[in-house]
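Structure data follow from protein-v4.cif (mmCIF, C-alpha atoms and all ligand atoms):
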```
data_data
#
loop_
_atom_site.group_PDB
_atom_site.id
_atom_site.type_symbol
_atom_site.label_atom_id
_atom_site.label_comp_id
_atom_site.auth_asym_id
_atom_site.auth_seq_id
_atom_site.Cartn_x
_atom_site.Cartn_y
_atom_site.Cartn_z
ATOM 1 C CA MET A 80 97.936 117.626 103.724
ATOM 2 C CA SER A 81 99.096 118.686 100.288
ATOM 3 C CA VAL A 82 100.333 116.194 97.772
ATOM 4 C CA SER A 83 102.688 117.060 95.005
ATOM 5 C CA ARG A 84 102.558 114.749 92.029
ATOM 6 C CA ARG A 85 106.282 115.133 91.752
ATOM 7 C CA ASP A 86 106.658 113.751 95.220
ATOM 8 C CA PHE A 87 105.512 110.475 93.842
ATOM 9 C CA LEU A 88 106.275 110.193 90.186
ATOM 10 C CA ARG A 89 108.511 112.233 88.007
ATOM 11 C CA ILE A 90 108.314 111.232 84.422
ATOM 12 C CA GLY A 91 110.490 113.116 81.995
ATOM 13 C CA SER A 92 109.709 114.047 78.419
ATOM 14 C CA LEU A 93 106.694 111.843 78.218
ATOM 15 C CA ALA A 94 104.795 112.591 75.092
ATOM 16 C CA ALA A 95 101.867 110.280 75.247
ATOM 17 C CA ALA A 96 100.711 107.854 77.820
ATOM 18 C CA ALA A 97 98.965 104.612 78.139
ATOM 19 C CA VAL A 98 95.915 103.599 76.510
ATOM 20 C CA ALA A 99 93.292 102.169 74.297
ATOM 21 C CA THR A 100 89.969 100.785 73.660
ATOM 22 C CA GLY A 101 86.934 98.654 73.947
ATOM 23 C CA CYS A 102 87.473 95.060 74.923
ATOM 24 C CA GLY A 103 87.514 92.022 72.772
ATOM 25 C CA GLY A 104 87.563 93.172 69.194
ATOM 26 C CA GLY A 105 84.757 94.881 67.311
ATOM 27 C CA SER A 106 84.139 98.442 68.393
ATOM 28 C CA ASN A 107 87.300 100.425 68.493
ATOM 29 C CA SER A 108 87.039 103.742 70.289
ATOM 30 C CA PHE A 109 90.749 104.422 70.306
ATOM 31 C CA SER A 110 91.200 108.104 69.634
ATOM 32 C CA PRO A 111 94.852 109.129 69.228
ATOM 33 C CA VAL A 112 96.065 109.053 65.648
ATOM 34 C CA LEU A 113 99.106 106.858 65.520
ATOM 35 C CA THR A 114 101.252 106.990 62.473
ATOM 36 C CA ASP A 115 104.694 106.055 63.656
ATOM 37 C CA PHE A 116 105.390 103.389 66.193
ATOM 38 C CA GLY A 117 109.170 103.952 66.038
ATOM 39 C CA PRO A 118 111.631 103.219 68.793
ATOM 40 C CA PRO A 119 109.977 102.577 72.143
ATOM 41 C CA ALA A 120 110.373 104.317 75.433
ATOM 42 C CA ALA A 121 113.677 104.142 77.227
ATOM 43 C CA GLY A 122 115.164 104.731 80.618
ATOM 44 C CA MET A 123 113.058 102.779 83.060
ATOM 45 C CA THR A 124 114.007 99.352 84.320
ATOM 46 C CA GLN A 125 111.450 96.607 83.734
ATOM 47 C CA PRO A 126 110.892 93.672 86.069
ATOM 48 C CA PRO A 127 112.057 90.307 84.728
ATOM 49 C CA GLU A 128 109.279 88.585 82.803
ATOM 50 C CA ILE A 129 108.155 84.966 82.762
ATOM 51 C CA ARG A 130 105.638 83.858 80.107
ATOM 52 C CA SER A 131 103.559 80.723 79.905
ATOM 53 C CA THR A 132 104.329 78.325 77.092
ATOM 54 C CA GLY A 133 102.100 75.514 75.856
ATOM 55 C CA GLY A 134 99.409 76.388 78.392
ATOM 56 C CA ARG A 135 101.706 76.255 81.413
ATOM 57 C CA LEU A 136 103.785 78.554 83.514
ATOM 58 C CA LEU A 137 105.885 76.902 86.180
ATOM 59 C CA THR A 138 108.224 78.917 88.344
ATOM 60 C CA THR A 139 109.913 78.776 91.719
ATOM 61 C CA PHE A 140 110.259 81.416 94.419
ATOM 62 C CA ASN A 141 113.185 80.765 96.756
ATOM 63 C CA ILE A 142 112.286 83.089 99.597
ATOM 64 C CA SER A 143 115.288 84.445 101.420
ATOM 65 C CA TYR A 144 116.863 87.505 102.965
ATOM 66 C CA ALA A 145 118.869 89.532 100.470
ATOM 67 C CA ASP A 146 120.879 92.732 100.621
ATOM 68 C CA VAL A 147 119.140 95.179 98.295
ATOM 69 C CA THR A 148 120.652 98.511 97.251
ATOM 70 C CA VAL A 149 118.471 101.420 96.142
ATOM 71 C CA THR A 150 119.748 104.796 94.939
ATOM 72 C CA THR A 151 117.868 107.495 96.855
ATOM 73 C CA PRO A 152 118.230 111.279 97.293
ATOM 74 C CA VAL A 153 120.240 110.534 100.413
ATOM 75 C CA GLY A 154 122.676 108.269 98.605
ATOM 76 C CA ASN A 155 122.805 104.531 98.024
ATOM 77 C CA ARG A 156 120.909 102.670 100.676
ATOM 78 C CA THR A 157 121.417 98.986 101.278
ATOM 79 C CA ALA A 158 118.953 97.058 103.344
ATOM 80 C CA ARG A 159 118.503 93.395 104.135
ATOM 81 C CA LEU A 160 114.983 92.577 103.004
ATOM 82 C CA ARG A 161 112.825 89.521 102.573
ATOM 83 C CA THR A 162 112.660 88.664 98.872
ATOM 84 C CA TRP A 163 110.971 86.174 96.555
ATOM 85 C CA ASN A 164 114.140 85.363 94.705
ATOM 86 C CA GLY A 165 117.022 87.434 96.008
ATOM 87 C CA PHE A 166 116.108 90.708 94.272
ATOM 88 C CA LEU A 167 113.800 93.589 95.063
ATOM 89 C CA GLY A 168 110.265 92.987 93.726
ATOM 90 C CA GLY A 169 109.005 89.997 91.815
ATOM 91 C CA PRO A 170 109.043 88.878 88.197
ATOM 92 C CA THR A 171 106.094 89.786 85.989
ATOM 93 C CA LEU A 172 104.156 86.615 85.235
ATOM 94 C CA ARG A 173 102.298 86.510 81.892
ATOM 95 C CA VAL A 174 99.609 83.896 81.352
ATOM 96 C CA LYS A 175 96.602 83.351 79.079
ATOM 97 C CA PRO A 176 93.049 82.231 79.823
ATOM 98 C CA GLY A 177 92.985 78.436 80.188
ATOM 99 C CA ASP A 178 96.599 78.246 81.359
ATOM 100 C CA GLN A 179 97.775 76.471 84.465
ATOM 101 C CA LEU A 180 100.028 78.579 86.708
ATOM 102 C CA THR A 181 102.253 76.671 89.117
ATOM 103 C CA ILE A 182 104.439 78.447 91.670
ATOM 104 C CA GLN A 183 106.675 76.501 94.018
ATOM 105 C CA LEU A 184 107.505 78.402 97.184
ATOM 106 C CA HIS A 185 110.503 77.396 99.260
ATOM 107 C CA ASN A 186 110.632 79.396 102.471
ATOM 108 C CA ASN A 187 114.349 79.614 103.303
ATOM 109 C CA LEU A 188 113.896 82.292 105.976
ATOM 110 C CA PRO A 189 115.120 81.561 109.511
ATOM 111 C CA PRO A 190 112.646 80.524 112.222
ATOM 112 C CA ASN A 191 110.379 83.087 113.843
ATOM 113 C CA THR A 192 111.398 83.915 117.395
ATOM 114 C CA ASP A 193 108.557 86.184 118.572
ATOM 115 C CA PRO A 194 105.518 84.794 120.418
ATOM 116 C CA VAL A 195 102.135 84.291 118.710
ATOM 117 C CA PRO A 196 99.763 87.093 119.774
ATOM 118 C CA PRO A 197 96.136 86.336 120.681
ATOM 119 C CA ASP A 198 94.898 88.357 117.674
ATOM 120 C CA HIS A 199 96.268 87.120 114.328
ATOM 121 C CA ASN A 200 96.164 90.657 112.909
ATOM 122 C CA THR A 201 98.713 91.842 115.453
ATOM 123 C CA PRO A 202 102.061 92.035 113.627
ATOM 124 C CA HIS A 203 103.983 88.823 114.229
ATOM 125 C CA HIS A 204 105.968 85.991 112.614
ATOM 126 C CA PHE A 205 107.311 87.957 109.652
ATOM 127 C CA ASN A 206 109.204 84.898 108.391
ATOM 128 C CA THR A 207 105.995 83.008 107.692
ATOM 129 C CA ILE A 208 104.831 83.565 104.128
ATOM 130 C CA ASN A 209 102.210 82.655 101.551
ATOM 131 C CA LEU A 210 100.924 83.816 98.165
ATOM 132 C CA HIS A 211 97.758 85.460 96.890
ATOM 133 C CA THR A 212 96.830 86.088 93.267
ATOM 134 C CA HIS A 213 95.056 89.436 93.582
ATOM 135 C CA GLY A 214 92.099 89.708 91.219
ATOM 136 C CA LEU A 215 92.298 86.305 89.553
ATOM 137 C CA HIS A 216 89.017 84.465 89.105
ATOM 138 C CA VAL A 217 90.273 81.151 90.468
ATOM 139 C CA SER A 218 89.107 78.706 93.110
ATOM 140 C CA PRO A 219 89.688 79.845 96.717
ATOM 141 C CA ASP A 220 90.901 76.285 97.297
ATOM 142 C CA GLN A 221 93.784 77.155 94.992
ATOM 143 C CA ASP A 222 94.134 80.772 96.122
ATOM 144 C CA ASN A 223 93.928 80.074 99.842
ATOM 145 C CA VAL A 224 95.275 82.989 101.910
ATOM 146 C CA LEU A 225 94.890 80.987 105.122
ATOM 147 C CA ILE A 226 97.816 78.755 104.188
ATOM 148 C CA ASN A 227 100.940 79.534 106.207
ATOM 149 C CA ILE A 228 104.271 78.459 104.776
ATOM 150 C CA GLU A 229 106.533 78.300 107.779
ATOM 151 C CA PRO A 230 110.311 78.845 107.627
ATOM 152 C CA GLY A 231 112.116 75.776 106.304
ATOM 153 C CA THR A 232 109.042 74.420 104.513
ATOM 154 C CA SER A 233 107.733 74.476 100.943
ATOM 155 C CA TYR A 234 104.367 74.674 99.247
ATOM 156 C CA THR A 235 103.307 74.471 95.621
ATOM 157 C CA TYR A 236 100.415 76.613 94.424
ATOM 158 C CA VAL A 237 98.577 75.432 91.313
ATOM 159 C CA TYR A 238 96.098 77.852 89.780
ATOM 160 C CA ASP A 239 93.780 76.775 86.956
ATOM 161 C CA ILE A 240 92.918 79.938 85.084
ATOM 162 C CA PRO A 241 89.483 79.572 83.495
ATOM 163 C CA GLU A 242 89.144 79.591 79.705
ATOM 164 C CA ASP A 243 86.822 82.588 79.974
ATOM 165 C CA HIS A 244 89.057 84.561 82.344
ATOM 166 C CA PRO A 245 89.063 88.286 81.481
ATOM 167 C CA ALA A 246 92.341 89.659 80.184
ATOM 168 C CA GLY A 247 93.910 92.314 82.376
ATOM 169 C CA THR A 248 96.584 93.450 84.763
ATOM 170 C CA PHE A 249 96.485 91.689 88.123
ATOM 171 C CA TRP A 250 99.145 91.039 90.744
ATOM 172 C CA TYR A 251 100.404 88.681 93.384
ATOM 173 C CA HIS A 252 101.620 89.313 96.888
ATOM 174 C CA ALA A 253 102.139 87.640 100.243
ATOM 175 C CA HIS A 254 98.917 87.633 102.230
ATOM 176 C CA THR A 255 99.493 86.108 105.651
ATOM 177 C CA HIS A 256 97.527 87.891 108.344
ATOM 178 C CA GLY A 257 99.711 89.870 110.726
ATOM 179 C CA LYS A 258 102.466 90.493 108.160
ATOM 180 C CA THR A 259 100.900 91.424 104.815
ATOM 181 C CA ALA A 260 101.921 95.102 105.102
ATOM 182 C CA MET A 261 105.373 94.118 106.352
ATOM 183 C CA HIS A 262 105.917 91.860 103.344
ATOM 184 C CA LEU A 263 104.698 94.555 100.932
ATOM 185 C CA LEU A 264 107.156 97.007 102.501
ATOM 186 C CA SER A 265 109.810 94.420 101.709
ATOM 187 C CA GLY A 266 108.820 94.283 98.017
ATOM 188 C CA MET A 267 107.148 90.878 98.044
ATOM 189 C CA LEU A 268 104.794 91.598 95.152
ATOM 190 C CA GLY A 269 104.714 91.381 91.390
ATOM 191 C CA LEU A 270 102.499 91.805 88.323
ATOM 192 C CA LEU A 271 100.361 88.964 87.041
ATOM 193 C CA ILE A 272 99.134 89.695 83.541
ATOM 194 C CA VAL A 273 96.408 87.724 81.795
ATOM 195 C CA GLU A 274 96.899 88.317 78.083
ATOM 196 C CA GLY A 275 94.228 88.674 75.398
ATOM 197 C CA GLY A 276 91.158 90.889 75.044
ATOM 198 C CA ALA A 277 92.077 94.510 74.369
ATOM 199 C CA ASP A 278 95.697 93.434 73.797
ATOM 200 C CA GLU A 279 94.551 92.346 70.336
ATOM 201 C CA VAL A 280 93.389 95.802 69.271
ATOM 202 C CA PRO A 281 95.984 96.892 66.689
ATOM 203 C CA GLU A 282 96.719 100.259 68.294
ATOM 204 C CA VAL A 283 97.164 98.640 71.688
ATOM 205 C CA ARG A 284 99.349 95.928 70.235
ATOM 206 C CA ALA A 285 101.487 98.599 68.606
ATOM 207 C CA ALA A 286 102.008 100.561 71.812
ATOM 208 C CA THR A 287 105.051 99.801 73.928
ATOM 209 C CA ASP A 288 103.774 97.767 76.863
ATOM 210 C CA LEU A 289 105.517 98.795 80.098
ATOM 211 C CA ASP A 290 105.191 97.587 83.669
ATOM 212 C CA PHE A 291 104.925 100.393 86.210
ATOM 213 C CA VAL A 292 104.974 98.794 89.640
ATOM 214 C CA ILE A 293 104.807 101.314 92.461
ATOM 215 C CA SER A 294 105.980 99.922 95.747
ATOM 216 C CA GLU A 295 106.801 101.397 99.078
ATOM 217 C CA ILE A 296 109.954 99.881 100.446
ATOM 218 C CA ASN A 297 111.202 100.216 103.966
ATOM 219 C CA LEU A 298 114.965 100.515 103.800
ATOM 220 C CA SER A 299 115.522 100.262 107.509
ATOM 221 C CA GLY A 300 116.255 96.581 107.001
ATOM 222 C CA ILE A 301 114.965 93.329 108.405
ATOM 223 C CA SER A 302 112.767 93.583 111.423
ATOM 224 C CA SER A 303 111.685 90.534 113.341
ATOM 225 C CA GLN A 304 109.628 92.552 115.765
ATOM 226 C CA PRO A 305 106.570 94.716 115.132
ATOM 227 C CA PRO A 306 107.805 98.082 113.837
ATOM 228 C CA SER A 307 105.491 99.875 116.247
ATOM 229 C CA SER A 308 108.014 99.065 118.937
ATOM 230 C CA GLU A 309 110.619 101.157 117.111
ATOM 231 C CA PRO A 310 110.764 104.943 116.909
ATOM 232 C CA PHE A 311 109.512 106.239 113.592
ATOM 233 C CA GLN A 312 108.705 109.470 111.794
ATOM 234 C CA VAL A 313 105.800 109.930 109.428
ATOM 235 C CA PRO A 314 106.373 112.027 106.295
ATOM 236 C CA ASP A 315 103.499 114.466 105.696
ATOM 237 C CA TYR A 316 102.355 112.796 102.498
ATOM 238 C CA VAL A 317 101.444 109.444 103.940
ATOM 239 C CA VAL A 318 98.744 108.124 106.180
ATOM 240 C CA PRO A 319 100.217 107.654 109.640
ATOM 241 C CA SER A 320 100.906 104.024 110.325
ATOM 242 C CA PRO A 321 103.222 102.069 112.530
ATOM 243 C CA PHE A 322 104.451 100.445 109.316
ATOM 244 C CA VAL A 323 105.422 103.678 107.617
ATOM 245 C CA ARG A 324 108.663 105.227 108.690
ATOM 246 C CA ALA A 325 110.978 107.916 107.460
ATOM 247 C CA ASP A 326 112.954 105.061 105.934
ATOM 248 C CA SER A 327 110.193 104.224 103.473
ATOM 249 C CA PHE A 328 110.660 105.146 99.807
ATOM 250 C CA PHE A 329 108.195 104.964 96.957
ATOM 251 C CA LEU A 330 109.822 103.130 94.068
ATOM 252 C CA VAL A 331 108.807 102.313 90.506
ATOM 253 C CA ASN A 332 109.991 98.902 89.347
ATOM 254 C CA GLY A 333 112.448 99.017 92.243
ATOM 255 C CA GLN A 334 113.960 102.369 91.232
ATOM 256 C CA TYR A 335 113.641 105.697 92.999
ATOM 257 C CA GLN A 336 112.082 108.257 90.629
ATOM 258 C CA PRO A 337 113.249 106.701 87.350
ATOM 259 C CA GLU A 338 112.885 108.835 84.241
ATOM 260 C CA LEU A 339 111.011 107.433 81.310
ATOM 261 C CA THR A 340 111.706 109.074 77.977
ATOM 262 C CA VAL A 341 109.285 108.672 75.104
ATOM 263 C CA ALA A 342 109.759 110.243 71.701
ATOM 264 C CA PRO A 343 107.017 112.696 70.667
ATOM 265 C CA GLY A 344 104.059 111.059 68.955
ATOM 266 C CA ARG A 345 104.762 107.606 70.309
ATOM 267 C CA THR A 346 102.301 105.783 72.477
ATOM 268 C CA ILE A 347 103.098 103.714 75.493
ATOM 269 C CA ARG A 348 100.847 101.493 77.538
ATOM 270 C CA LEU A 349 101.557 101.598 81.255
ATOM 271 C CA ARG A 350 100.418 98.733 83.440
ATOM 272 C CA VAL A 351 100.350 100.623 86.707
ATOM 273 C CA LEU A 352 100.084 98.894 90.059
ATOM 274 C CA ASN A 353 99.831 100.712 93.352
ATOM 275 C CA GLY A 354 101.593 98.059 95.385
ATOM 276 C CA SER A 355 102.163 100.312 98.386
ATOM 277 C CA ALA A 356 100.963 99.176 101.759
ATOM 278 C CA ARG A 357 98.372 101.866 102.380
ATOM 279 C CA ASN A 358 98.846 105.042 100.353
ATOM 280 C CA THR A 359 96.546 106.332 97.641
ATOM 281 C CA MET A 360 98.603 107.487 94.672
ATOM 282 C CA PRO A 361 97.829 110.374 92.346
ATOM 283 C CA LEU A 362 99.204 109.686 88.875
ATOM 284 C CA ALA A 363 99.564 112.321 86.182
ATOM 285 C CA ILE A 364 101.843 113.211 83.328
ATOM 286 C CA ASP A 365 102.650 116.877 82.912
ATOM 287 C CA SER A 366 101.122 118.407 79.759
ATOM 288 C CA THR A 367 99.674 115.109 78.651
ATOM 289 C CA THR A 368 96.358 113.369 78.972
ATOM 290 C CA LEU A 369 96.217 109.862 80.291
ATOM 291 C CA ASN A 370 93.954 107.625 78.265
ATOM 292 C CA VAL A 371 92.671 105.128 80.762
ATOM 293 C CA MET A 372 91.734 101.824 79.165
ATOM 294 C CA SER A 373 91.173 99.749 82.254
ATOM 295 C CA LEU A 374 90.958 100.000 85.992
ATOM 296 C CA ASP A 375 91.589 97.367 88.610
ATOM 297 C CA GLY A 376 91.977 94.646 86.001
ATOM 298 C CA ILE A 377 88.694 95.508 84.298
ATOM 299 C CA THR A 378 88.810 96.792 80.733
ATOM 300 C CA LEU A 379 86.591 99.829 80.233
ATOM 301 C CA LYS A 380 84.051 99.902 77.416
ATOM 302 C CA GLN A 381 85.624 103.100 76.202
ATOM 303 C CA VAL A 382 88.906 104.882 76.729
ATOM 304 C CA LYS A 383 88.564 107.544 79.385
ATOM 305 C CA PRO A 384 90.820 110.599 78.964
ATOM 306 C CA LEU A 385 91.837 112.009 82.344
ATOM 307 C CA SER A 386 94.417 114.529 83.478
ATOM 308 C CA GLU A 387 94.984 112.570 86.672
ATOM 309 C CA ILE A 388 93.940 109.289 88.203
ATOM 310 C CA ARG A 389 94.120 108.178 91.794
ATOM 311 C CA LEU A 390 95.003 104.625 92.572
ATOM 312 C CA ALA A 391 94.110 103.132 95.916
ATOM 313 C CA PRO A 392 96.435 100.503 97.339
ATOM 314 C CA ALA A 393 96.174 97.325 95.236
ATOM 315 C CA ASN A 394 94.509 99.125 92.288
HETATM 316 CU CU CU B 401 95.621 91.630 97.443
#
```
Represent the structure contained in this file as structure tokens.
Amino acid sequence: MSVSRRDFLRIGSLAAAAVATGCGGGSNSFSPVLTDFGPPAAGMTQPPEIRSTGGRLLTTFNISYADVTVTTPVGNRTARLRTWNGFLGGPTLRVKPGDQLTIQLHNNLPPNTDPVPPDHNTPHHFNTINLHTHGLHVSPDQDNVLINIEPGTSYTYVYDIPEDHPAGTFWYHAHTHGKTAMHLLSGMLGLLIVEGGADEVPEVRAATDLDFVISEINLSGISSQPPSSEPFQVPDYVVPSPFVRADSFFLVNGQYQPELTVAPGRTIRLRVLNGSARNTMPLAIDSTTLNVMSLDGITLKQVKPLSEIRLAPAN
């Protein structure tokens, strides 16, 4: 099984990629010499962003079906998908240590019609939803993946983010057993950024901070039955799975192979999430070294220059 980087990510004219240094002030091992922070990168859509103010972030997800159109190599494809708020993907939530994050979920999906299987991991009840804050150091009472929000009901999650919470790039997604992959394939995920730490390093602060959310979206449309009951083809670059069909596309911030243009000498910071259901992603930028400053929400002690990194699902 050969994997072409270009199969996954094509990034045009990128001069310098993400980056920077030791956490929390003090030692600064940032290596690139930055003299001109000029105009930032252009060309790639960013998810909408919601920031906490005064120690609080309160938002609402109105979960519903929505018709989503994606431009693909085989033309514009429109599919009816399950969405947080009527658009593909989720907003990027930005909080700080000590903040309280409150998310009201209203499940406006229609009732489930399939029977409950004996094993809860058997795909079923795709219109039941919940929320998981992946990587946050919060109480499991608050981040309880066993909660099921049934169609026509609501639930409010309140997360108290500790004062000493590490800064980093985390994410949220639906996490009900028996439909987690299905909901990911529908784009029910988003970035959850805890600000601070290495963000304060001057060179990092100066870099253009960009979200880079890789998702794998199934554009075959709403399915209320397990996809294994439908015929499917498996492209050669993915792990075979009943959830992966020829109709699946890898997207970045909801776009198929967007081009990101960065002027020479400029530095950008990419907050990359592999939000695909089960595919490891190679990430590289032609002719340029990636300076890895953190991995899986953990800031490294030192920047690690690499020609390529591989991100497992959820990294
Ligand atoms: Cu997770």
Nearby polymer residues, ligand CU 401 (chain B), at most 12 Å, only C-alpha atoms and all ligand atoms, as a PyMOL selection string: chain A and resi 209-215+222-224+249-256+259-260+262-263+267-271+352-357+375+391-394
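Between Pro245 in chain A and the candidates A:Thr367, A:Gly133, A:Asp278, A:Val283, the tightest atom-to-atom separation, counting only C-alpha atoms, involves A:Asp278.
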Put a box with edges along x, y and z around all the listed atoms of range 200-206 of chain A, pad it by 8 Å on each side, then give me its centre and sizes in Å, one decimal, as lines of an AutoDock Vina configuration file.
```
center_x = 102.7
center_y = 88.5
center_z = 111.9
size_x = 29.0
size_y = 23.1
size_z = 23.1
```
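Distances from A:Val280, A:Ala286, A:Ile226, A:Leu136 to Ile240 in chain A were compared using all atoms listed in the file, and the smallest one belongs to A:Leu136.
A straight line drawn from CA of Ala342 in chain A to CA of Lys383 in chain A is 22.7 Å long.
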At a cut-off of 8 Å, using only C-alpha atoms, what residues contact range 293-298 of chain A? Leave out same-chain residues fewer than 4 positions from it and give the result as an MDAnalysis selection string. chainID A and resid 156:160 263:266 323:324 326:333 351:356
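Nearest to Pro230 in chain A of all the residues A:Gln334, A:Asn206, A:Thr171, A:Gln183 is A:Asn206, counting only C-alpha atoms.
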What do you get, as a list of chain:residue names, if you spell out every residue that the PyMOL selection byres (((chain A and resi 138) around 7) and not hetatm) selects here? A:Leu136, A:Leu137, A:Thr139, A:Phe140, A:Thr181, A:Ile182, A:Gln183
Using the chain letters and residue numbers of this document, give as a count of residues only the residues selected by the PyMOL selection byres (((chain A and resi 243) around 8) and not hetatm). 6
Using all atoms listed in the file, pick whichever of A:Arg161, A:Lys175, A:Arg345, A:Arg284 has the shortest atom-to-atom distance to Ser143 in chain A. A:Arg161
Do you know which residues are at most 6 Å from range 387-390 of chain A counting all atoms listed in the file, after dropping those on the same chain fewer than 6 positions away, and could you put them as a ChimeraX atom specification? /A:359-363
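Within 6 Å of His185 in chain A, once only C-alpha atoms are used and residues closer than 6 positions along the same chain are dropped, the contacting residues are Asn141, Ile142 and Ser233 of chain A.
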Using only C-alpha atoms: which of A:Val147, A:Thr124, A:Thr201, A:Leu339 has the shortest distance to Ser299 in chain A: A:Val147
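Here CA of Asp239 in chain A and CA of Met261 in chain A stand 28.5 Å from one another.
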